[in-house]
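Engineer: One structure, pasted below without further comment.
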Amino acid sequence: MSDSATPAPPRGLPMIPEASGALAIIGLGAIGYFLFPDDLAFLTRLIGITLLVLSLDLVTGYCGVATLGHAAQFGVAAYAAGIACVRGVTDPIALLGVGLVAGTMMGLISGALITRFRGLPQLVLSIAVGQLVAALANKLSWLTGGSDGLSGITPGKVFGLYGFDMYSRTAFLFSLGVLLIVFVVLSRFVRSPFGLMCRGIKDDDLRARMIGVSIYPRLVVMYGVSGAVAGLGGALTAISTGVVGLDSVSFERSAEVLVMLVLGGAGHLWGALAGALIFQIFEHIVAAANPFHWMMLVGLLLIGIVVFAPRGLIAPVMALATRLARKGDA
Amino acid sequence: MTRRATTVSALAILCLASGVAAADTIKVGVIGTMSGPYALFGKNFKMGIDAWVAENGTKVGGHDVEFIYRDEESPNPAKSKAIAQELIVKDKVQYLAGAYFTPNAMAIAPLLEESKTPLVVMNAATSSIVEKSPYIVRTSFTMWQNTVPAAKTATKNGAKKVAIAVSDYGPGIDAEAAFKKTFEADGGAVVEAIRIPLATTDFSPIMQRIKNSGADTIFTFLPSGPPTLGFVKAYLDNGLKVAGVKLMSTGDVVTEPDLPNIGDPGIGILSTYHYSVSHASPENASFLAQIKKGGGNVDEVTMTSVAAYDGARLIYKMIEATAGQRDPVKAIAAVKDMTWVSPRGPVSIDPATRHIRQNVYLREVAKVDGKLINREIQTFDAQPDWALSKE
Amino acid sequence: MRIVLSIATDALAYGMVLFIISIGLSIMMGLMRVVNLAHGAFAMIGGYLASYAIRDLNAPYGLAILIAVIGAIVVSIPFEALLYRRIYRKSDPLIQVLMTIGITFVIIGVVNYIFGPSLKSIPLPNALSGPLDIGFRMVPTHRVFVIACGLITALLLWLLIEKTEFGIKLRASVDHSDMADALGIRTEIIYAVTFALAIGLGAFGGVVGAEILPIEPFYALRYMVTFLVVVSVGGAGSITGALSASLLLGLADTTGKYLAPEFGEFFFYLTVIIIVFLFPRGLFGRSHA
Amino acid sequence: MTELFKARNISLAFGGLRVAQDVSFKLAAGDRVALIGPNGAGKTTLVNLMTGDLAPGNGRFTMAGDDITGFSIAERVRRGLVRTFQTTRLFQTLTVADNVALAIMQRRRITRRVFSAATERPDVRAEWLEILALLGLDRLAYRQVVELAYGQQRLIELAIGLALHPKVLLLDEPAAGVPHDEAPKILEAIDRLPPDIAVLMIEHDMDLVFKFAKRVLVLAAGRLIFEGAPSDVTADHEVRRAYLGSYADARSAS
């Protein structure tokens, strides 16, 4: 440990988290693209859900908001993008924009309702908001297709050049690009004064108020940002699968992404990324091998995580990284 | 198309073509409800297909045929599409089959032309599904097909005021439209039309509403599974039957596995359907015997196993006609005027709609030898899909 | 007026089912502060056991209920000893949510494996099946039975909690959670007994409510949040709260289904949001919760 | 001197228990006031009332002439009313530097920025380094708070308080739990506070009170029973009664 009066920051270059995030995503993407060319449709869906997990991490991992209704942001954006596409807006980038705006709006609404409280009332409100959205999606079947799903979503070509096909190459690369940008932006965002303050609020909200922070508006804004990310995920899913169903706003979806987040480790973008990847690949393999009983395995996994690694799979990795970094300092 | 996209698709076609040429096994992807509340029907898909394979072998003209099962679980169009896509791209299936729910079938449809994969729909019953792709053929039934005879029976039995209660999704809305159109054309009045969300399990309030509407007859459709039993029990237990309100339905509401749960109070319920497990014919007897031989439970048999059995027949025919090559046009052409005798009775594929034309039977729940069955009491011969055909 | 009475009757029956199942969870959440999403899974186990007892063992209905209640408690013991004890009174609801979701998934998987995926009916004795004329309408006899069960449950619980030694200790532990140990109350025993009581009530509710909430493997998932919502609307740990929340939400749901069935659970959750906003600790919640 | 803070007729009861009864006092610029009283006298409750954590049943608070009674905690902090906690309340999973930097950034209204690196901004960094150095914490800057000893955490409480540039600073037993060799750092830090701010300190350690305070408030059973110079406090009859309470009563009764 250095005795100097001016300690050096533990990690040197300011852009390292962004750069390593970008490299990791490009690397994983390349593995997916070249080694599993037959699984691109699955991997594309995986990316859509991964964005939802990242979005959930922003409110649950960084702000400590317990929510079982996060699919609302994702689903509303998926429907918005799908409806826009069916009604003639077919440019994929524009559709992403639609999803982004819809997700943000839904995020702000959810946030305004949910973050008024903490603890159990908060959890229950999140469930209620999510179920309300699901009931509406079913009821407004003239708009959403209800139980039949919203189909006929045929987006145009990306930049007018690359069309979406059955093999999902375009969809995969397009989604990967969005994930890359989102991850880099979020890496920056969570280390910003705003992001740091959110972590502070999660740690101790009274302390935060005692340094002069008005918590509620901040949490609502964070929910908006989270909604934007979820919205991108929803729009991507709508664009790449061409169908939006009630499952995209369902309680199961909300619960599943929460499970993924905690599996990986809430409070780290890396944790969210790892959790989303591991869970979905695991589910994909186990469910394909035995569609009857995969739930039991997921349940056991979940209990195992809570008992043995409550801070997620990423925690030991992060601890190791910190230790190495500190060693470097000395 | 840009050069890049051309290269990509050329590569793709090449991969696909080589995959097919190299394989002496022809794969058929079956998408069914293998888990969850509707798992009984996924199981029925498998029982029906297994029965066909047991009778006809695993080889067609020197090609091995392999059925791969995937789980659609619930009405989940996004998931079903993903599964279908994976079956096509990864497992390189030449045919798709199954589809319990309409939304799921609708989601799969757009993939068929691009991938040149025929789809044999073995359940999903909304009329318009076959119009979504020229490569779809259906061996199950449609709501219009089964509902029009129901409406005619209602009129004949003296119904004047009918309350319609259907599940709030594609087939339910089809059923509502079919009944309404037929019944009103015959001079009846529909006094109440209720659309019920698929997830509903408590039907008591709905029964009260129907009762207060003053209807003399209820017509209902819900997809077979947990809701149907609840509906019938609510009808019985809220005293509608005692009060003389009649229940008319398609057979989905009184499938044979549910009858023991409904119990004796259900005796007398009328339904119109294309298959009853108790259908008296040598074809049905041998079909049921085959299922038993294959380790299946006859008490679990529903119409979906027959649709799957006949669907497998179509797939074998298509493989034979194309000599194992991927040629959807030829494959569909080979089956679209087929005629045969199914366990459900004489059937044929309507060349114009690629939908099955079949007898629809009026049945009533009856107790025979201590067992509740759907006894066929009247036959409506060779019914087409009334929405698709212009008859 | 007939319509109002009609809706009220159905709402009462539905509310009572919610109450019987939820009250156990409510006591558990009041005392152990555990957000238990697996409560419905134990109710479901009760339902399966009763169905098995009646259909395969030909047990009479009353015995089947007993088997279901005791069986569910026995099944729950290892879960309590190995898992739940770790999360009692943990401040982080997230961990509780996750563990209990995991438990639910495991139970669904096991039940699916043992009993198969299809719906299981619990045949009613003749005395309870069929319609009953109550003047302004016919109701299923079973619903009257459910309403009676609900009232009796509420009464017995009230007696248990207000009039017995156990009840005094229970209330003391709920009201002065941090002091319970100092007061000489063996909390782990109180916890274990309360847990068993909660599971037993859940299983009982699962059996008698099976006509309204039918027993199938996804039961645990389908109603996972319903019971939690009832408890938090009522206020954890309060019998009055659970009863009034059950009836209120039963009324909202039934009225919605009667007047606008296509809205599904819209009115149920709208009511929840409004109540939570007005009473964040529940209708009869205590301030420390 | 200018009056910064005023409490007028503050009262609060929990059920039947009256934890504050008609409490009135003023704090002016440059004030160094100690708030003492026996255990359970309501000292921390009074601080909670001042910061807005609790709402008084009766009475008003004003700051620089403005009524702040209805203000939220955060609004009061933004007006310069800052406290430290008796039991530390810190951002446990963040580093020491982050804890102080958040306070600095909040004071400078830059925590709404979403795209700049937080703690390492040069101007922010310079400021937290200075504060941490003052308290001898600089070598711990990048350690997580949760890893630190309790005494060190108490110092961070103070560091956050300093970083907020308060006008009125409420210190709730700042030296409690701090090891002996580190306690002088706290006094030193308090000594070096800007002379124009008002400081109200709850403290049991009378040595510290005498060193620090120019004025003493004594609270007993929610009532302010003495206000005056430290030198007069021990002689005051009321105060003696309050501290020696039952003992004195027992003697007079016998």
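Following the order of the structure tokens, chains are lettered A, B, ..., residues in each are numbered from 1, and ligands are numbered from 1.
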Enumerate, in order of chain and increasing residue number, the residues of chain B with an atom no farther than 10 Å from chain C, each with its shortest atom pair and distance in Å to one decimal, counting only C-alpha atoms, as a tab-separated table.
Structural biologist:
residue	atom	partner	partner_atom	distance
B:Met34	CA	C:Pro117	CA	9.2
B:Ser35	CA	C:Pro117	CA	6.8
B:Gly36	CA	C:Pro117	CA	5.9
B:Pro37	CA	C:Ser118	CA	5.7
B:Tyr38	CA	C:Ser118	CA	7.0
B:Ala39	CA	C:Pro117	CA	6.0
B:Leu40	CA	C:Ser118	CA	6.3
B:Phe41	CA	C:Ser118	CA	9.7
B:Ser167	CA	C:Glu262	CA	9.2
B:Asp168	CA	C:Glu262	CA	7.2
B:Ile194	CA	C:Pro261	CA	7.3
B:Arg195	CA	C:Glu262	CA	5.7
B:Ile196	CA	C:Glu262	CA	5.3
B:Pro197	CA	C:Glu262	CA	5.7
B:Leu198	CA	C:Gly264	CA	8.9
B:Ala199	CA	C:Gly264	CA	8.0
B:Thr200	CA	C:Gly264	CA	7.3
B:Thr201	CA	C:Leu213	CA	6.4
B:Asp202	CA	C:Ile212	CA	5.2
B:Phe203	CA	C:Ile212	CA	8.2
B:Ser204	CA	C:Asp10	CA	6.9
B:Pro205	CA	C:Tyr258	CA	5.0
B:Ile206	CA	C:Tyr258	CA	5.7
B:Met207	CA	C:Tyr258	CA	8.8
B:Gln208	CA	C:Ser6	CA	7.1
B:Arg209	CA	C:Tyr258	CA	6.3
B:Ile210	CA	C:Tyr258	CA	9.6
B:Lys211	CA	C:Arg137	CA	9.6
B:Asn212	CA	C:Ile3	CA	8.0
B:Gly225	CA	C:Leu119	CA	7.7
B:Pro226	CA	C:Leu119	CA	6.0
B:Pro227	CA	C:Pro214	CA	8.9
B:Leu229	CA	C:Leu119	CA	9.0
B:Gly230	CA	C:Glu211	CA	7.5
B:Lys233	CA	C:Glu211	CA	8.4
B:Ala234	CA	C:Pro140	CA	7.9
B:Tyr235	CA	C:Pro140	CA	9.6
B:Leu236	CA	C:Gly130	CA	6.8
B:Asp237	CA	C:Pro140	CA	4.5
B:Asn238	CA	C:Val139	CA	4.9
B:Gly239	CA	C:Pro131	CA	5.1
B:Leu240	CA	C:Met138	CA	8.2
B:Lys241	CA	C:Pro131	CA	9.4
B:Val242	CA	C:Pro131	CA	8.2
B:Ala243	CA	C:Met138	CA	9.1
B:Pro257	CA	C:Ser118	CA	9.9
B:Asp258	CA	C:Leu119	CA	9.1
B:Pro260	CA	C:Ser121	CA	9.5
B:Asn261	CA	C:Ser121	CA	6.3
B:Ile262	CA	C:Ser121	CA	9.1
B:Gly263	CA	C:Pro123	CA	9.0
B:Pro265	CA	C:Gly130	CA	8.1
Engineer: Put those residues in a file: N, CA and C atoms, as a compact mmCIF listing (two decimals), in the first residue's frame.
Structural biologist:
# COMPACT_ATOMS: atom_id res chain seq x y z
N MET B 34 -45.87 -29.71 -25.34
CA MET B 34 -45.29 -30.89 -24.70
C MET B 34 -45.25 -30.74 -23.17
N SER B 35 -45.27 -29.52 -22.68
CA SER B 35 -45.29 -29.33 -21.23
C SER B 35 -46.38 -28.33 -20.89
N GLY B 36 -46.63 -28.17 -19.62
CA GLY B 36 -47.61 -27.17 -19.19
C GLY B 36 -49.02 -27.72 -19.19
N PRO B 37 -49.99 -26.83 -18.96
CA PRO B 37 -51.38 -27.26 -18.76
C PRO B 37 -51.97 -27.97 -19.98
N TYR B 38 -51.42 -27.71 -21.14
CA TYR B 38 -51.98 -28.32 -22.34
C TYR B 38 -51.15 -29.52 -22.80
N ALA B 39 -50.30 -30.04 -21.93
CA ALA B 39 -49.36 -31.09 -22.31
C ALA B 39 -50.08 -32.34 -22.82
N LEU B 40 -51.31 -32.56 -22.35
CA LEU B 40 -52.06 -33.73 -22.79
C LEU B 40 -52.15 -33.76 -24.32
N PHE B 41 -52.26 -32.58 -24.91
CA PHE B 41 -52.48 -32.52 -26.36
C PHE B 41 -51.18 -32.70 -27.13
N SER B 167 -63.60 -18.05 -25.88
CA SER B 167 -62.29 -17.55 -25.50
C SER B 167 -61.90 -16.39 -26.40
N ASP B 168 -61.26 -15.41 -25.79
CA ASP B 168 -60.95 -14.18 -26.51
C ASP B 168 -59.67 -14.34 -27.33
N ILE B 194 -70.07 -13.00 -25.08
CA ILE B 194 -69.03 -12.69 -24.11
C ILE B 194 -67.71 -13.29 -24.59
N ARG B 195 -66.68 -12.47 -24.57
CA ARG B 195 -65.35 -13.00 -24.89
C ARG B 195 -64.54 -13.06 -23.58
N ILE B 196 -64.03 -14.25 -23.31
CA ILE B 196 -63.40 -14.50 -22.02
C ILE B 196 -61.89 -14.63 -22.22
N PRO B 197 -61.08 -13.93 -21.43
CA PRO B 197 -59.63 -14.09 -21.58
C PRO B 197 -59.21 -15.55 -21.40
N LEU B 198 -58.20 -15.95 -22.12
CA LEU B 198 -57.77 -17.36 -22.09
C LEU B 198 -57.41 -17.84 -20.69
N ALA B 199 -56.90 -16.95 -19.87
CA ALA B 199 -56.40 -17.39 -18.56
C ALA B 199 -57.50 -17.56 -17.52
N THR B 200 -58.74 -17.27 -17.88
CA THR B 200 -59.83 -17.32 -16.90
C THR B 200 -60.06 -18.75 -16.39
N THR B 201 -60.27 -18.90 -15.08
CA THR B 201 -60.60 -20.21 -14.54
C THR B 201 -61.91 -20.20 -13.78
N ASP B 202 -62.36 -19.03 -13.33
CA ASP B 202 -63.59 -18.98 -12.55
C ASP B 202 -64.70 -18.41 -13.44
N PHE B 203 -65.67 -19.27 -13.78
CA PHE B 203 -66.68 -18.87 -14.74
C PHE B 203 -68.01 -18.54 -14.09
N SER B 204 -68.04 -18.57 -12.78
CA SER B 204 -69.31 -18.35 -12.09
C SER B 204 -69.94 -16.99 -12.45
N PRO B 205 -69.15 -15.90 -12.41
CA PRO B 205 -69.76 -14.61 -12.75
C PRO B 205 -70.31 -14.59 -14.17
N ILE B 206 -69.63 -15.28 -15.07
CA ILE B 206 -70.07 -15.30 -16.45
C ILE B 206 -71.39 -16.05 -16.57
N MET B 207 -71.51 -17.14 -15.80
CA MET B 207 -72.76 -17.89 -15.81
C MET B 207 -73.92 -17.02 -15.33
N GLN B 208 -73.65 -16.22 -14.30
CA GLN B 208 -74.70 -15.33 -13.80
C GLN B 208 -75.13 -14.35 -14.87
N ARG B 209 -74.15 -13.85 -15.58
CA ARG B 209 -74.47 -12.88 -16.62
C ARG B 209 -75.32 -13.53 -17.70
N ILE B 210 -74.94 -14.75 -18.07
CA ILE B 210 -75.71 -15.46 -19.09
C ILE B 210 -77.13 -15.70 -18.60
N LYS B 211 -77.22 -16.09 -17.34
CA LYS B 211 -78.54 -16.39 -16.79
C LYS B 211 -79.43 -15.14 -16.81
N ASN B 212 -78.82 -14.02 -16.43
CA ASN B 212 -79.60 -12.79 -16.41
C ASN B 212 -79.97 -12.30 -17.80
N GLY B 225 -58.67 -28.02 -22.35
CA GLY B 225 -57.65 -27.83 -21.32
C GLY B 225 -58.34 -27.37 -20.06
N PRO B 226 -57.57 -26.83 -19.12
CA PRO B 226 -58.14 -26.45 -17.82
C PRO B 226 -59.41 -25.60 -17.92
N PRO B 227 -59.53 -24.64 -18.85
CA PRO B 227 -60.73 -23.80 -18.81
C PRO B 227 -62.02 -24.54 -19.13
N LEU B 229 -63.18 -27.56 -18.53
CA LEU B 229 -63.79 -28.26 -17.41
C LEU B 229 -64.45 -27.27 -16.45
N GLY B 230 -63.73 -26.19 -16.17
CA GLY B 230 -64.26 -25.17 -15.28
C GLY B 230 -65.56 -24.59 -15.82
N LYS B 233 -68.43 -27.13 -15.40
CA LYS B 233 -68.82 -27.26 -14.00
C LYS B 233 -69.58 -26.02 -13.53
N ALA B 234 -69.12 -24.86 -13.97
CA ALA B 234 -69.83 -23.62 -13.58
C ALA B 234 -71.25 -23.65 -14.15
N TYR B 235 -71.41 -24.16 -15.35
CA TYR B 235 -72.73 -24.27 -15.97
C TYR B 235 -73.64 -25.17 -15.13
N LEU B 236 -73.09 -26.30 -14.72
CA LEU B 236 -73.89 -27.25 -13.95
C LEU B 236 -74.19 -26.70 -12.55
N ASP B 237 -73.14 -26.23 -11.89
CA ASP B 237 -73.26 -25.89 -10.48
C ASP B 237 -73.99 -24.59 -10.22
N ASN B 238 -74.07 -23.72 -11.22
CA ASN B 238 -74.81 -22.49 -11.00
C ASN B 238 -76.29 -22.66 -11.36
N GLY B 239 -76.66 -23.90 -11.59
CA GLY B 239 -78.08 -24.20 -11.76
C GLY B 239 -78.64 -23.84 -13.13
N LEU B 240 -77.80 -23.60 -14.09
CA LEU B 240 -78.34 -23.27 -15.41
C LEU B 240 -78.98 -24.49 -16.06
N LYS B 241 -78.35 -25.65 -15.83
CA LYS B 241 -78.92 -26.85 -16.42
C LYS B 241 -80.29 -27.14 -15.79
N VAL B 242 -80.34 -27.04 -14.47
CA VAL B 242 -81.58 -27.28 -13.76
C VAL B 242 -82.66 -26.32 -14.23
N ALA B 243 -82.25 -25.07 -14.51
CA ALA B 243 -83.20 -24.07 -14.93
C ALA B 243 -83.61 -24.24 -16.39
N PRO B 257 -61.17 -37.18 -22.16
CA PRO B 257 -60.45 -37.23 -20.87
C PRO B 257 -61.09 -36.37 -19.79
N ASP B 258 -61.87 -35.35 -20.19
CA ASP B 258 -62.51 -34.49 -19.19
C ASP B 258 -63.82 -35.05 -18.67
N PRO B 260 -64.90 -37.83 -17.20
CA PRO B 260 -65.00 -38.34 -15.82
C PRO B 260 -64.99 -37.20 -14.79
N ASN B 261 -64.27 -36.12 -15.09
CA ASN B 261 -64.22 -35.00 -14.16
C ASN B 261 -65.53 -34.24 -14.12
N ILE B 262 -66.21 -34.19 -15.27
CA ILE B 262 -67.50 -33.51 -15.30
C ILE B 262 -68.53 -34.34 -14.55
N GLY B 263 -68.45 -35.65 -14.76
CA GLY B 263 -69.33 -36.56 -14.01
C GLY B 263 -70.73 -36.66 -14.58
N PRO B 265 -73.58 -35.36 -13.90
CA PRO B 265 -74.42 -34.19 -14.21
C PRO B 265 -74.24 -33.73 -15.65
Engineer: Could you list, as a ChimeraX atom specification, the residues of chain A having an atom within 10 Å of chain C when counting only C-alpha atoms?
Structural biologist: /A:60,64-68,113-114,116-140,251-252,255-256,258-259,262-263,292-307,310-311
Engineer: Would you output that residue set with C-alpha atoms, as a PDB file, in the first residue's frame?
Structural biologist:
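Wrote it out as part09.pdb, contents follow:
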ATOM      1  CA  THR A  60     -32.591  -3.272  -9.261  1.00  0.00           C
ATOM      2  CA  GLY A  64     -32.134  -1.319  -5.184  1.00  0.00           C
ATOM      3  CA  VAL A  65     -35.685  -1.251  -6.536  1.00  0.00           C
ATOM      4  CA  ALA A  66     -37.232  -4.717  -6.204  1.00  0.00           C
ATOM      5  CA  THR A  67     -39.461  -5.226  -9.215  1.00  0.00           C
ATOM      6  CA  LEU A  68     -41.399  -8.124 -10.679  1.00  0.00           C
ATOM      7  CA  LEU A 113     -45.714   4.745  -9.497  1.00  0.00           C
ATOM      8  CA  ILE A 114     -43.272   2.180  -8.158  1.00  0.00           C
ATOM      9  CA  ARG A 116     -42.847   6.167  -4.375  1.00  0.00           C
ATOM     10  CA  PHE A 117     -42.452   3.323  -1.883  1.00  0.00           C
ATOM     11  CA  ARG A 118     -39.848   0.894  -0.705  1.00  0.00           C
ATOM     12  CA  GLY A 119     -39.976  -2.734   0.371  1.00  0.00           C
ATOM     13  CA  LEU A 120     -43.107  -4.798   0.035  1.00  0.00           C
ATOM     14  CA  PRO A 121     -45.454  -2.071  -1.258  1.00  0.00           C
ATOM     15  CA  GLN A 122     -42.909  -1.368  -3.969  1.00  0.00           C
ATOM     16  CA  LEU A 123     -42.730  -5.004  -4.991  1.00  0.00           C
ATOM     17  CA  VAL A 124     -46.497  -5.319  -5.062  1.00  0.00           C
ATOM     18  CA  LEU A 125     -46.908  -2.130  -7.081  1.00  0.00           C
ATOM     19  CA  SER A 126     -44.387  -3.389  -9.610  1.00  0.00           C
ATOM     20  CA  ILE A 127     -46.377  -6.606  -9.974  1.00  0.00           C
ATOM     21  CA  ALA A 128     -49.641  -4.716 -10.262  1.00  0.00           C
ATOM     22  CA  VAL A 129     -48.326  -2.306 -12.894  1.00  0.00           C
ATOM     23  CA  GLY A 130     -46.941  -5.205 -14.910  1.00  0.00           C
ATOM     24  CA  GLN A 131     -50.189  -7.170 -14.708  1.00  0.00           C
ATOM     25  CA  LEU A 132     -52.211  -4.104 -15.580  1.00  0.00           C
ATOM     26  CA  VAL A 133     -50.177  -3.629 -18.732  1.00  0.00           C
ATOM     27  CA  ALA A 134     -50.592  -7.315 -19.558  1.00  0.00           C
ATOM     28  CA  ALA A 135     -54.361  -7.116 -19.082  1.00  0.00           C
ATOM     29  CA  LEU A 136     -54.497  -4.047 -21.318  1.00  0.00           C
ATOM     30  CA  ALA A 137     -52.389  -5.697 -24.000  1.00  0.00           C
ATOM     31  CA  ASN A 138     -54.915  -8.513 -24.021  1.00  0.00           C
ATOM     32  CA  LYS A 139     -57.921  -6.214 -23.957  1.00  0.00           C
ATOM     33  CA  LEU A 140     -56.768  -3.882 -26.720  1.00  0.00           C
ATOM     34  CA  PHE A 251     -45.215 -11.884 -15.267  1.00  0.00           C
ATOM     35  CA  GLU A 252     -43.127 -14.896 -16.266  1.00  0.00           C
ATOM     36  CA  ALA A 255     -39.608 -13.027 -13.092  1.00  0.00           C
ATOM     37  CA  GLU A 256     -37.278 -14.716 -15.533  1.00  0.00           C
ATOM     38  CA  LEU A 258     -34.927 -11.013 -12.422  1.00  0.00           C
ATOM     39  CA  VAL A 259     -33.637 -14.536 -12.019  1.00  0.00           C
ATOM     40  CA  VAL A 262     -29.400 -12.184  -9.750  1.00  0.00           C
ATOM     41  CA  LEU A 263     -27.787 -15.269 -11.188  1.00  0.00           C
ATOM     42  CA  PHE A 292     -40.880 -31.391 -19.452  1.00  0.00           C
ATOM     43  CA  HIS A 293     -38.791 -30.728 -16.422  1.00  0.00           C
ATOM     44  CA  TRP A 294     -36.351 -27.936 -17.090  1.00  0.00           C
ATOM     45  CA  MET A 295     -38.134 -25.769 -14.574  1.00  0.00           C
ATOM     46  CA  MET A 296     -36.986 -27.982 -11.761  1.00  0.00           C
ATOM     47  CA  LEU A 297     -33.375 -27.565 -12.762  1.00  0.00           C
ATOM     48  CA  VAL A 298     -33.740 -23.817 -12.991  1.00  0.00           C
ATOM     49  CA  GLY A 299     -35.326 -23.836  -9.549  1.00  0.00           C
ATOM     50  CA  LEU A 300     -32.444 -25.813  -8.088  1.00  0.00           C
ATOM     51  CA  LEU A 301     -29.961 -23.506  -9.736  1.00  0.00           C
ATOM     52  CA  LEU A 302     -31.739 -20.519  -8.290  1.00  0.00           C
ATOM     53  CA  ILE A 303     -31.791 -21.933  -4.771  1.00  0.00           C
ATOM     54  CA  GLY A 304     -28.116 -22.813  -5.143  1.00  0.00           C
ATOM     55  CA  ILE A 305     -27.289 -19.257  -6.119  1.00  0.00           C
ATOM     56  CA  VAL A 306     -29.187 -17.748  -3.220  1.00  0.00           C
ATOM     57  CA  VAL A 307     -27.587 -20.116  -0.727  1.00  0.00           C
ATOM     58  CA  PRO A 310     -26.075 -14.521  -3.086  1.00  0.00           C
ATOM     59  CA  ARG A 311     -24.159 -11.787  -4.840  1.00  0.00           C
TER      60      ARG A 311
END
Engineer: Determine, counting only C-alpha atoms, which protein, DNA and RNA residues have an atom within 9 Å of an atom of D:Val33; residues of the same chain fewer than 5 positions away are not included. Present the result as a list in words.
Structural biologist: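 So, after excluding close chain neighbours, the residues are Leu27, Ala198, Val199, Leu200, Met201, Ile202, Val209, Phe212, Ala213, Lys214, Arg215, Val216 and Leu217 of chain D.
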Engineer: Write the residues of the preceding selection, restricted to C-alpha atoms, as a PDB file, in the first residue's frame.
Structural biologist:
ATOM      1  CA  LEU D  27     -28.193  29.294  16.443  1.00  0.00           C
ATOM      2  CA  ALA D 198     -23.047  27.419  13.421  1.00  0.00           C
ATOM      3  CA  VAL D 199     -22.228  24.050  14.976  1.00  0.00           C
ATOM      4  CA  LEU D 200     -24.480  22.137  17.336  1.00  0.00           C
ATOM      5  CA  MET D 201     -22.866  19.093  18.886  1.00  0.00           C
ATOM      6  CA  ILE D 202     -24.482  16.362  20.928  1.00  0.00           C
ATOM      7  CA  VAL D 209     -17.898  19.872  25.574  1.00  0.00           C
ATOM      8  CA  PHE D 212     -15.577  23.006  22.137  1.00  0.00           C
ATOM      9  CA  ALA D 213     -18.649  24.839  23.312  1.00  0.00           C
ATOM     10  CA  LYS D 214     -19.233  28.477  24.004  1.00  0.00           C
ATOM     11  CA  ARG D 215     -22.790  27.726  24.967  1.00  0.00           C
ATOM     12  CA  VAL D 216     -24.546  24.653  26.327  1.00  0.00           C
ATOM     13  CA  LEU D 217     -28.134  23.475  25.943  1.00  0.00           C
TER      14      LEU D 217
END
Engineer: Using only C-alpha atoms, which residues of stretch 169-205 of chain A come within 12 Å of stretch 92-99 of chain D, and what is the closest atom pair for each, with the distance in Å to one decimal? Give it as CSV, sorted by chain and residue number.
Structural biologist:
residue,atom,partner,partner_atom,distance
A:Arg191,CA,D:Asp98,CA,10.5
A:Ser192,CA,D:Asp98,CA,11.2
A:Pro193,CA,D:Asp98,CA,9.5
A:Gly195,CA,D:Asp98,CA,11.5
A:Leu196,CA,D:Asp98,CA,7.8
A:Met197,CA,D:Asp98,CA,9.2
A:Cys198,CA,D:Leu94,CA,11.2
A:Arg199,CA,D:Leu94,CA,7.9
A:Gly200,CA,D:Leu94,CA,7.4
A:Ile201,CA,D:Gln92,CA,10.7
A:Lys202,CA,D:Thr93,CA,9.5
A:Asp203,CA,D:Gln92,CA,6.2
A:Asp204,CA,D:Gln92,CA,7.9
A:Asp205,CA,D:Gln92,CA,11.5
Engineer: Which of these, A:Leu161, A:Ile314, A:Ala80, A:Val220, has the shortest distance to chain B once you count only C-alpha atoms?
Structural biologist: A:Leu161
Engineer: Nearest residue to B:Ala84 out of B:Leu119, B:Val60, B:Met303, B:Ala285, using only C-alpha atoms?
Structural biologist: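 When distances to B:Ala84 are compared using only C-alpha atoms, the smallest one comes from B:Leu119.
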Engineer: Can you list, as a PyMOL selection string, every protein, DNA or RNA residue that comes within 12 Å of D:Ala175 when you count only C-alpha atoms, leaving out same-chain residues fewer than 4 positions away?
Structural biologist: chain D and resi 84-88+150-158+171+179-190+201-209
Engineer: As a count of residues only, could you give me every residue of chain A near chain B (at most 10 Å apart, counting only C-alpha atoms)?
Structural biologist: 51
Engineer: Which one is closest to chain D: A:Val213, A:Ala276, A:Leu186, A:Val225? Count only C-alpha atoms.
Structural biologist: A:Val213
Engineer: Would you kindly return, as a list in words, each protein, DNA or RNA residue with an atom no farther than 10 Å from any atom of C:Ile54, considering only C-alpha atoms and excluding same-chain residues fewer than 2 positions away?
Structural biologist: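 My list of contacting residues is Tyr48, Leu49, Ala50, Ser51, Tyr52, Asp56, Leu57, Asn58, Ala59, Pro60, Tyr61, Gly62, Leu63, Ala64, Ile65, Ser121, Ile122, Pro123, Leu124 and Pro125 of chain C.
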